[in-house]
$ cat entry38.cif   # mmCIF, C-alpha atoms and all ligand atoms
data_my_file
#
loop_
_atom_site.label_atom_id
_atom_site.label_comp_id
_atom_site.auth_asym_id
_atom_site.auth_seq_id
_atom_site.Cartn_x
_atom_site.Cartn_y
_atom_site.Cartn_z
CA MET A 1 224.82 231.42 -45.14
CA THR A 2 225.01 227.99 -43.47
CA THR A 3 222.73 227.54 -40.44
CA SER A 4 222.45 224.86 -37.77
CA THR A 5 219.79 223.68 -35.36
CA ILE A 6 222.34 222.24 -32.90
CA ALA A 7 223.05 224.21 -29.69
CA PRO A 8 226.76 225.20 -29.56
CA ALA A 9 228.87 223.25 -27.04
CA ASP A 10 229.00 224.97 -23.64
CA VAL A 11 232.68 225.72 -23.09
CA ASP A 12 232.36 228.82 -20.89
CA ASP A 13 233.91 227.12 -17.85
CA LEU A 14 237.07 226.38 -19.89
CA LEU A 15 237.61 230.03 -20.83
CA PRO A 16 239.50 231.46 -17.82
CA GLY A 17 242.10 228.69 -18.14
CA LEU A 18 242.33 229.07 -21.94
CA VAL A 19 242.77 232.85 -21.78
CA ALA A 20 245.55 232.43 -19.19
CA LEU A 21 247.20 229.75 -21.37
CA ARG A 22 246.95 231.89 -24.52
CA ARG A 23 248.51 234.90 -22.80
CA ASP A 24 251.28 232.75 -21.31
CA LEU A 25 252.12 231.44 -24.82
CA HIS A 26 252.00 235.01 -26.16
CA ALA A 27 254.49 236.12 -23.50
CA HIS A 28 256.85 233.23 -24.40
CA PRO A 29 256.95 233.11 -28.22
CA GLU A 30 259.34 230.60 -29.82
CA LEU A 31 260.63 230.46 -33.40
CA ALA A 32 260.46 227.68 -35.99
CA PHE A 33 261.58 224.23 -34.73
CA ALA A 34 262.56 225.80 -31.37
CA GLU A 35 259.09 225.63 -29.75
CA HIS A 36 260.51 223.62 -26.81
CA ARG A 37 258.65 225.36 -23.98
CA THR A 38 255.43 225.55 -26.00
CA ALA A 39 255.60 221.84 -26.92
CA ALA A 40 256.24 220.93 -23.26
CA VAL A 41 253.21 222.99 -22.15
CA VAL A 42 251.06 221.34 -24.84
CA ALA A 43 252.25 217.79 -24.09
CA SER A 44 251.71 218.13 -20.34
CA ALA A 45 248.20 219.58 -20.84
CA LEU A 46 247.34 216.65 -23.15
CA ARG A 47 248.78 214.10 -20.71
CA ALA A 48 246.74 215.65 -17.89
CA LEU A 49 243.66 214.79 -19.98
CA GLY A 50 244.72 211.14 -20.04
CA LEU A 51 245.47 211.15 -23.76
CA GLU A 52 248.08 209.06 -25.57
CA VAL A 53 250.80 211.67 -26.35
CA HIS A 54 253.66 211.44 -28.90
CA GLU A 55 256.46 214.04 -28.85
CA GLY A 56 259.46 214.80 -31.05
CA ILE A 57 257.69 214.55 -34.42
CA ALA A 58 259.44 217.03 -36.75
CA GLY A 59 261.52 218.03 -33.73
CA THR A 60 259.05 219.90 -31.55
CA GLY A 61 255.76 218.55 -32.97
CA VAL A 62 253.28 216.90 -30.58
CA VAL A 63 250.45 214.49 -31.45
CA ALA A 64 247.77 213.19 -29.10
CA THR A 65 245.08 210.62 -29.78
CA LEU A 66 241.58 210.27 -28.29
CA ARG A 67 239.39 207.26 -29.03
CA CYS A 68 235.70 206.89 -28.23
CA GLY A 69 233.13 204.22 -29.12
CA THR A 70 233.54 201.59 -31.80
CA GLY A 71 233.66 203.84 -34.87
CA TYR A 72 236.43 203.05 -37.35
CA ARG A 73 236.82 206.52 -38.83
CA SER A 74 239.43 209.06 -37.76
CA VAL A 75 239.88 212.81 -38.07
CA GLY A 76 242.96 215.02 -37.66
CA LEU A 77 242.71 218.49 -36.07
CA ARG A 78 245.79 220.68 -36.50
CA ALA A 79 247.19 223.79 -34.82
CA ASP A 80 250.49 225.61 -35.40
CA MET A 81 252.70 226.65 -32.45
CA ASP A 82 255.48 228.90 -33.80
CA ALA A 83 256.00 232.66 -33.55
CA LEU A 84 257.55 235.12 -36.01
CA PRO A 85 261.13 236.48 -35.99
CA MET A 86 260.08 240.10 -35.51
CA VAL A 87 260.13 242.84 -32.90
CA SER A 88 257.04 242.99 -30.70
CA LEU A 89 255.63 246.45 -29.97
CA GLY A 90 252.79 245.22 -27.76
CA ASP A 91 252.10 246.97 -24.46
CA GLN A 92 249.90 244.34 -22.78
CA PRO A 93 250.96 242.77 -19.48
CA TRP A 94 251.43 239.53 -21.50
CA LYS A 95 253.68 241.12 -24.18
CA SER A 96 256.60 239.08 -25.54
CA CYS A 97 259.49 238.57 -23.11
CA HIS A 98 261.64 236.91 -25.81
CA PRO A 99 263.48 239.64 -27.80
CA GLY A 100 263.15 239.17 -31.56
CA ALA A 101 260.17 236.81 -31.34
CA HIS A 102 256.48 237.76 -31.49
CA HIS A 103 253.21 235.84 -31.82
CA GLY A 104 252.24 238.14 -34.67
CA CYS A 105 250.10 235.55 -36.47
CA GLY A 106 247.97 234.26 -33.60
CA HIS A 107 249.40 230.72 -33.44
CA ASP A 108 249.22 231.13 -29.63
CA GLY A 109 245.44 231.37 -30.13
CA HIS A 110 245.32 228.36 -32.49
CA THR A 111 247.26 226.18 -30.02
CA SER A 112 244.98 227.27 -27.14
CA MET A 113 241.81 226.60 -29.15
CA LEU A 114 242.92 223.07 -30.06
CA LEU A 115 243.86 222.30 -26.44
CA GLY A 116 240.42 223.60 -25.43
CA ALA A 117 238.78 221.32 -27.98
CA ALA A 118 240.75 218.35 -26.62
CA LYS A 119 239.40 219.13 -23.13
CA GLN A 120 235.85 219.50 -24.47
CA LEU A 121 235.95 216.27 -26.54
CA VAL A 122 237.41 214.29 -23.62
CA ARG A 123 234.47 215.22 -21.44
CA SER A 124 231.62 215.37 -23.99
CA ARG A 125 232.52 212.24 -25.99
CA ARG A 126 229.74 212.82 -28.51
CA PHE A 127 231.49 210.93 -31.29
CA SER A 128 232.48 207.43 -32.30
CA GLY A 129 236.00 206.96 -33.70
CA THR A 130 239.47 208.46 -33.32
CA VAL A 131 240.56 212.08 -33.04
CA HIS A 132 244.24 212.93 -33.62
CA PHE A 133 245.38 216.32 -32.34
CA PHE A 134 248.33 217.63 -34.40
CA PHE A 135 250.42 220.44 -32.85
CA GLN A 136 252.96 221.39 -35.50
CA PRO A 137 256.14 223.46 -35.41
CA ALA A 138 257.46 225.98 -37.92
CA GLU A 139 254.50 227.08 -40.03
CA GLU A 140 256.07 230.49 -40.76
CA GLY A 141 258.18 229.81 -43.85
CA HIS A 142 259.86 226.61 -42.65
CA GLY A 143 257.26 223.99 -43.60
CA GLY A 144 256.83 222.18 -40.27
CA ALA A 145 253.75 220.47 -41.71
CA ARG A 146 255.82 219.12 -44.63
CA VAL A 147 258.41 217.73 -42.22
CA MET A 148 255.69 216.04 -40.13
CA VAL A 149 254.18 214.48 -43.27
CA GLU A 150 257.63 213.33 -44.46
CA GLN A 151 258.25 211.77 -41.05
CA GLY A 152 255.20 209.57 -41.51
CA LEU A 153 252.45 211.56 -39.80
CA PHE A 154 249.61 209.94 -41.75
CA GLU A 155 251.17 206.46 -41.64
CA ARG A 156 251.45 206.62 -37.84
CA PHE A 157 248.17 208.50 -37.32
CA PRO A 158 245.91 207.67 -40.30
CA CYS A 159 243.13 210.17 -40.93
CA ASP A 160 240.07 210.09 -43.18
CA SER A 161 240.07 213.88 -43.12
CA VAL A 162 242.06 216.73 -41.59
CA TYR A 163 241.06 220.26 -40.55
CA ALA A 164 242.73 223.50 -39.44
CA VAL A 165 241.75 227.09 -38.73
CA HIS A 166 243.39 230.52 -38.96
CA ASN A 167 242.20 233.62 -37.17
CA TRP A 168 241.25 236.23 -39.78
CA PRO A 169 241.39 239.91 -38.76
CA ASP A 170 239.63 240.98 -41.97
CA LEU A 171 236.46 239.11 -40.89
CA PRO A 172 234.38 240.36 -37.94
CA LEU A 173 234.33 238.28 -34.77
CA GLY A 174 231.52 235.72 -34.96
CA GLN A 175 231.91 235.04 -38.68
CA ALA A 176 233.73 232.22 -40.48
CA GLN A 177 234.45 231.48 -44.13
CA THR A 178 235.93 228.86 -46.38
CA ARG A 179 235.35 227.46 -49.87
CA ALA A 180 235.84 224.29 -51.88
CA GLY A 181 239.02 224.33 -53.98
CA PRO A 182 241.91 226.77 -53.52
CA LEU A 183 241.67 228.95 -50.40
CA MET A 184 245.26 230.18 -50.19
CA ALA A 185 248.07 230.48 -52.72
CA ALA A 186 251.17 228.49 -53.60
CA ALA A 187 254.27 230.49 -52.64
CA ASP A 188 257.47 230.34 -54.70
CA ARG A 189 260.70 232.28 -54.35
CA PHE A 190 263.17 233.18 -57.11
CA ASP A 191 266.78 234.30 -56.79
CA ILE A 192 268.53 235.48 -59.94
CA MET A 193 272.25 236.27 -60.23
CA LEU A 194 273.53 238.35 -63.18
CA ARG A 195 277.30 238.49 -63.76
CA GLY A 196 279.22 240.89 -66.01
CA GLN A 197 282.93 241.56 -65.73
CA GLY A 198 282.67 244.84 -63.84
CA GLY A 199 284.64 247.90 -64.92
CA HIS A 200 284.93 251.67 -65.22
CA ALA A 201 281.63 253.49 -65.55
CA ALA A 202 283.20 255.73 -68.18
CA GLN A 203 284.04 252.68 -70.34
CA PRO A 204 280.75 250.72 -70.46
CA HIS A 205 281.67 249.20 -73.85
CA ARG A 206 284.41 247.13 -72.15
CA THR A 207 282.07 245.11 -69.89
CA ALA A 208 278.63 243.50 -69.88
CA ASP A 209 276.48 245.84 -67.76
CA ALA A 210 274.83 243.59 -65.15
CA LEU A 211 272.99 246.53 -63.57
CA LEU A 212 271.34 247.61 -66.82
CA ALA A 213 270.44 243.96 -67.57
CA ALA A 214 268.87 243.71 -64.10
CA GLY A 215 266.78 246.82 -64.79
CA GLN A 216 265.51 245.34 -68.06
CA LEU A 217 264.82 242.05 -66.31
CA VAL A 218 262.68 243.70 -63.60
CA VAL A 219 260.46 245.24 -66.28
CA LEU A 220 260.19 242.01 -68.29
CA LEU A 221 259.47 239.84 -65.22
CA ASN A 222 256.53 242.11 -64.49
CA THR A 223 255.01 241.23 -67.89
CA ILE A 224 254.92 237.46 -67.27
CA VAL A 225 251.61 237.34 -65.38
CA SER A 226 249.89 239.89 -67.63
CA ARG A 227 251.10 238.44 -70.99
CA ARG A 228 251.79 234.74 -70.39
CA ILE A 229 249.03 233.68 -67.98
CA ASP A 230 245.36 233.23 -68.87
CA PRO A 231 243.52 236.36 -67.63
CA GLY A 232 241.01 233.98 -66.00
CA ASP A 233 243.73 232.58 -63.73
CA SER A 234 244.98 234.56 -60.73
CA ALA A 235 248.70 234.93 -60.02
CA VAL A 236 251.16 237.49 -58.68
CA LEU A 237 254.86 237.97 -59.41
CA SER A 238 256.65 240.61 -57.31
CA VAL A 239 260.32 241.60 -57.48
CA THR A 240 261.21 242.51 -53.91
CA ARG A 241 264.97 243.06 -53.75
CA ILE A 242 267.85 244.16 -56.01
CA GLU A 243 271.41 244.16 -54.74
CA GLY A 244 274.40 245.43 -56.72
CA GLY A 245 276.93 248.24 -56.97
CA HIS A 246 279.06 250.15 -54.49
CA SER A 247 280.19 253.38 -56.14
CA HIS A 248 279.12 256.11 -58.58
CA ASN A 249 281.88 255.33 -61.08
CA VAL A 250 282.14 251.53 -61.02
CA LEU A 251 279.97 249.14 -63.00
CA PRO A 252 279.33 246.21 -60.65
CA ALA A 253 280.34 242.70 -61.67
CA GLU A 254 277.32 241.08 -59.97
CA VAL A 255 273.69 241.99 -59.35
CA ARG A 256 271.15 239.84 -57.49
CA ILE A 257 267.37 239.97 -57.90
CA THR A 258 264.92 238.27 -55.53
CA GLY A 259 261.15 237.99 -55.53
CA THR A 260 258.07 235.87 -54.96
CA VAL A 261 255.40 234.21 -57.11
CA ARG A 262 251.90 233.31 -55.85
CA SER A 263 249.45 231.12 -57.77
CA PHE A 264 246.54 228.73 -57.24
CA ASP A 265 246.86 226.40 -60.22
CA ALA A 266 249.77 223.99 -60.80
CA ALA A 267 249.74 224.53 -64.59
CA ALA A 268 249.93 228.31 -64.18
CA GLN A 269 252.74 227.85 -61.65
CA ASP A 270 254.68 225.71 -64.20
CA ARG A 271 254.16 228.32 -66.94
CA ILE A 272 255.38 231.17 -64.72
CA GLU A 273 258.55 229.32 -63.75
CA ALA A 274 259.26 228.40 -67.38
CA ALA A 275 258.60 231.97 -68.58
CA LEU A 276 260.85 233.37 -65.85
CA ARG A 277 263.71 231.07 -66.89
CA ASP A 278 263.21 231.95 -70.59
CA THR A 279 263.14 235.68 -69.80
CA VAL A 280 266.37 235.49 -67.80
CA ALA A 281 268.06 233.48 -70.58
CA GLY A 282 266.91 236.06 -73.16
CA VAL A 283 268.25 239.00 -71.16
CA ALA A 284 271.53 237.13 -70.60
CA LEU A 285 271.92 236.63 -74.34
CA ALA A 286 271.06 240.23 -75.18
CA SER A 287 273.28 241.76 -72.50
CA GLY A 288 276.24 239.36 -72.58
CA THR A 289 275.86 238.59 -68.88
CA GLU A 290 276.04 235.18 -67.29
CA THR A 291 273.01 234.28 -65.21
CA GLN A 292 271.92 231.75 -62.61
CA VAL A 293 268.33 231.12 -61.52
CA GLN A 294 267.25 229.44 -58.32
CA TYR A 295 263.48 228.85 -58.25
CA THR A 296 262.12 227.36 -55.01
CA ARG A 297 258.54 226.19 -54.54
CA TYR A 298 258.20 226.31 -50.79
CA TYR A 299 254.42 226.06 -50.13
CA PRO A 300 251.81 224.57 -52.49
CA ALA A 301 248.30 226.04 -52.79
CA THR A 302 245.94 225.26 -49.89
CA VAL A 303 243.17 223.34 -51.66
CA ASN A 304 240.05 222.24 -49.74
CA THR A 305 238.16 219.13 -50.82
CA PRO A 306 234.46 219.93 -51.43
CA ALA A 307 232.82 217.57 -48.90
CA GLU A 308 235.20 218.62 -46.12
CA ALA A 309 234.76 222.35 -46.94
CA ALA A 310 231.00 221.83 -46.58
CA LEU A 311 231.53 220.01 -43.27
CA ALA A 312 233.78 222.84 -42.02
CA LEU A 313 231.03 225.38 -42.76
CA ALA A 314 228.31 223.21 -41.18
CA ALA A 315 230.50 222.81 -38.07
CA ALA A 316 230.99 226.60 -37.95
CA ALA A 317 227.21 227.00 -37.91
CA ASP A 318 227.00 224.35 -35.13
CA ALA A 319 229.53 226.46 -33.21
CA GLY A 320 227.18 229.45 -33.36
CA LEU A 321 229.21 231.24 -36.05
CA GLN A 322 227.82 233.04 -39.09
CA ALA A 323 229.27 230.69 -41.70
CA SER A 324 229.52 231.71 -45.36
CA LEU A 325 231.43 230.87 -48.53
CA ALA A 326 234.64 232.84 -49.12
CA GLU A 327 234.19 234.70 -52.41
CA ARG A 328 237.81 234.32 -53.48
CA PRO A 329 241.04 232.79 -52.19
CA ALA A 330 243.74 234.84 -50.47
CA PHE A 331 247.25 235.32 -51.91
CA THR A 332 248.90 234.52 -48.58
CA SER A 333 250.07 230.94 -48.12
CA GLU A 334 249.90 228.25 -45.48
CA ASP A 335 251.83 225.02 -44.92
CA PHE A 336 248.69 223.08 -43.93
CA ALA A 337 248.65 222.72 -47.74
CA PHE A 338 251.15 219.82 -47.35
CA MET A 339 248.66 217.92 -45.16
CA LEU A 340 245.86 218.61 -47.67
CA GLN A 341 248.05 217.11 -50.44
CA ARG A 342 247.95 213.81 -48.55
CA CYS A 343 244.50 213.78 -46.97
CA PRO A 344 241.05 215.24 -47.75
CA GLY A 345 240.30 218.21 -45.55
CA ALA A 346 239.54 221.89 -45.16
CA TYR A 347 240.96 225.10 -43.74
CA LEU A 348 238.72 227.73 -42.13
CA TRP A 349 239.08 231.49 -41.66
CA LEU A 350 237.78 232.44 -38.22
CA GLY A 351 236.81 236.11 -37.87
CA GLN A 352 238.52 237.96 -35.06
CA GLY A 353 238.13 241.58 -36.16
CA ARG A 354 236.58 244.15 -33.85
CA ALA A 355 233.06 245.32 -34.57
CA ALA A 356 232.57 248.78 -36.11
CA GLY A 357 232.75 251.40 -33.37
CA ASP A 358 234.88 249.23 -31.06
CA THR A 359 237.77 251.51 -30.14
CA ARG A 360 240.16 248.76 -29.05
CA ALA A 361 243.06 248.26 -31.43
CA SER A 362 242.78 245.59 -34.13
CA HIS A 363 245.93 244.95 -36.12
CA PRO A 364 246.56 242.85 -39.24
CA LEU A 365 248.51 239.56 -39.13
CA HIS A 366 252.31 239.99 -38.83
CA HIS A 367 251.91 243.53 -37.38
CA PRO A 368 254.29 244.32 -34.45
CA GLN A 369 251.29 245.20 -32.26
CA TYR A 370 249.10 242.30 -33.38
CA ASP A 371 247.50 240.31 -30.55
CA PHE A 372 245.09 237.39 -30.85
CA ASN A 373 241.54 238.38 -29.85
CA ASP A 374 240.68 236.18 -26.83
CA GLU A 375 236.97 236.53 -27.63
CA ALA A 376 237.62 234.18 -30.57
CA LEU A 377 238.87 231.39 -28.26
CA PRO A 378 235.45 229.83 -27.40
CA LEU A 379 234.40 230.05 -31.07
CA GLY A 380 237.45 228.09 -32.21
CA VAL A 381 237.04 225.52 -29.41
CA ARG A 382 233.42 224.97 -30.45
CA TRP A 383 234.36 224.75 -34.13
CA PHE A 384 237.09 222.10 -33.63
CA THR A 385 234.67 220.19 -31.37
CA ALA A 386 231.84 220.34 -33.91
CA VAL A 387 234.18 219.23 -36.73
CA ALA A 388 235.12 216.09 -34.79
CA GLU A 389 231.49 215.41 -33.86
CA ARG A 390 230.33 215.77 -37.48
CA ALA A 391 233.25 213.83 -39.01
CA LEU A 392 232.83 211.03 -36.45
CA ALA A 393 229.08 211.12 -35.97
CA ALA A 394 227.92 207.78 -34.54
CA PRO A 395 226.81 205.74 -37.55
CA ALA A 396 223.16 204.81 -38.02
CA SER A 397 222.56 201.31 -36.62
CA SER A 398 222.21 199.70 -40.07
CA GLU A 399 225.56 201.18 -41.23
CA HIS A 400 227.13 200.09 -37.98
CA LEU A 401 226.01 196.50 -38.45
CA SER A 402 226.93 196.34 -42.11
CA SER A 403 230.47 197.49 -41.33
CA ARG A 404 231.14 194.47 -39.13
ZN ZN A 501 251.81 234.15 -40.42
ZN ZN A 502 249.65 232.08 -39.27
#
$ encode --input "entry38.cif" --output "structure tokens"
Amino acid sequence: MTTSTIAPADVDDLLPGLVALRRDLHAHPELAFAEHRTAAVVASALRALGLEVHEGIAGTGVVATLRCGTGYRSVGLRADMDALPMVSLGDQPWKSCHPGAHHGCGHDGHTSMLLGAAKQLVRSRRFSGTVHFFFQPAEEGHGGARVMVEQGLFERFPCDSVYAVHNWPDLPLGQAQTRAGPLMAAADRFDIMLRGQGGHAAQPHRTADALLAAGQLVVLLNTIVSRRIDPGDSAVLSVTRIEGGHSHNVLPAEVRITGTVRSFDAAAQDRIEAALRDTVAGVALASGTETQVQYTRYYPATVNTPAEAALALAAAADAGLQASLAERPAFTSEDFAFMLQRCPGAYLWLGQGRAAGDTRASHPLHHPQYDFNDEALPLGVRWFTAVAERALAAPASSEHLSSR
């Protein structure tokens, strides 16, 4: 457990405004790269603070910059703004009023916490250097962070380190965790097409049976992780969809198989893709089908650098959180990974689960009734604030002089 002797920043007066903001964002969820209203709300709040604001990065991304003192270091703090394409079954007064969109992952909370931290840092100014606030679009499956990086995020807004947080329903409110190294998995998708000729089900000898080949392939794909990957490495391969066939007496000409692969290590990821391609080629040869494989690596593993993971935990303790090391990474994935590929940094899990005995509903991420726990707002504001203050702590006078 990491402890701190620093009193947490007093942000209580910001809370009524932040809760109202968070619920307004929850009521108006917007999907990937269409966060127009959200981005406008964010940009106007940042401008009202007197910050330098840049809009239109990766479409709806917003960046603001705050400078203080003569320090030459800079830190990036990132929040995601998008909602999920899913039906909302919430019954709160602030439930979604956009059909088919729902803040089921708490990005409304992340955005509100980072805006709260901007307000707190503007008034407290207990740092020396530059803070960049990154509000990104399209975290949910569309790689908004990758697009921001490709559009020159770190060239325009150079950072010595970068940090982000996700609310974590599995952790009780008041706790926070992270670890050095992989925290969340790389996510890949595979799409396999098997083609026979199709034909009469009573004459199977006259066609290559794509459906039978698909059945064999599902079984063989499920042996890749257990037989081809070092038991000390963690990985998952799941087949999630099979499509093919229309009738009881027709052998289909085409069958499609789709699934996902999760891994933490680039070498294991390479071996899984290679084994998948070999397995498909082997089944094609044995069955006489033609096959096509599309293998897409959409998010890399989220890998924290050790010094920044330690700083993230120390800042959590400063914020009054019970901060501890995560025992193992999670198999979910996160596009902040693209920022961590370019810049040292760390990602934190912020507990937002209800305490035992609390009868109010607490739902997992991506659940139709999920709602961000507003009691986590001040904790996240204090954590972002403490990260900036630690990363940009005023240098000792000797260091300050020697840097000139
Ligand atoms: Zn999500
Ligand atoms: Zn999320």
$ residues_near_ligand --input "entry38.cif" --ligand "ligand ZN 501 (chain A)" --cutoff "9 Å" --atoms "only C-alpha atoms and all ligand atoms" --output "short mmCIF file (atom, residue, chain, number, x, y, z; two decimals) with C-alpha atoms, in the coordinates of the input"
data_model
loop_
_atom_site.label_atom_id
_atom_site.label_comp_id
_atom_site.auth_asym_id
_atom_site.auth_seq_id
_atom_site.Cartn_x
_atom_site.Cartn_y
_atom_site.Cartn_z
CA ALA A 83 256.00 232.66 -33.55
CA LEU A 84 257.55 235.12 -36.01
CA HIS A 103 253.21 235.84 -31.82
CA GLY A 104 252.24 238.14 -34.67
CA CYS A 105 250.10 235.55 -36.47
CA GLY A 106 247.97 234.26 -33.60
CA HIS A 107 249.40 230.72 -33.44
CA GLU A 139 254.50 227.08 -40.03
CA GLU A 140 256.07 230.49 -40.76
CA GLY A 141 258.18 229.81 -43.85
CA THR A 332 248.90 234.52 -48.58
CA SER A 333 250.07 230.94 -48.12
CA GLU A 334 249.90 228.25 -45.48
CA LEU A 365 248.51 239.56 -39.13
CA HIS A 366 252.31 239.99 -38.83
#
$ atom_distance --input "entry38.cif" --atom1 "CA of Thr260 in chain A" --atom2 "CA of Gln352 in chain A"
28.0 Å
$ residues_around --input "entry38.cif" --residues "Ala117 in chain A" --least-positions-apart "3" --cutoff "12 Å" --atoms "only C-alpha atoms" --output "MDAnalysis selection string"
chainID A and resid 9:11 14:15 18 45:46 49 66 77:79 110:114 120:125 131:133 319 377:389
$ residues_around --input "entry38.cif" --residues "Gly56 in chain A" --least-positions-apart "3" --cutoff "10 Å" --atoms "only C-alpha atoms" --output "list in words"
His36, Ala39, Gly59, Thr60, Gly61, Val62, Val63 and Met148 of chain A
$ atom_distance --input "entry38.cif" --atom1 "CA of Gln216 in chain A" --atom2 "CA of Ile192 in chain A"
13.1 Å
$ atom_distance --input "entry38.cif" --atom1 "CA of Ala187 in chain A" --atom2 "CA of Gly109 in chain A"
24.2 Å
$ closest_residue --input "entry38.cif" --among "A:Ala40, A:Leu212, A:Ala310, A:Val19" --to "Gly181 in chain A" --atoms "all atoms listed in the file"
A:Ala310
$ residues_around --input "entry38.cif" --residues "Arg227 in chain A" --least-positions-apart "6" --cutoff "12 Å" --atoms "only C-alpha atoms" --output "VMD selection string"
chain A and resid 220 to 221 233 235 271 to 272 275
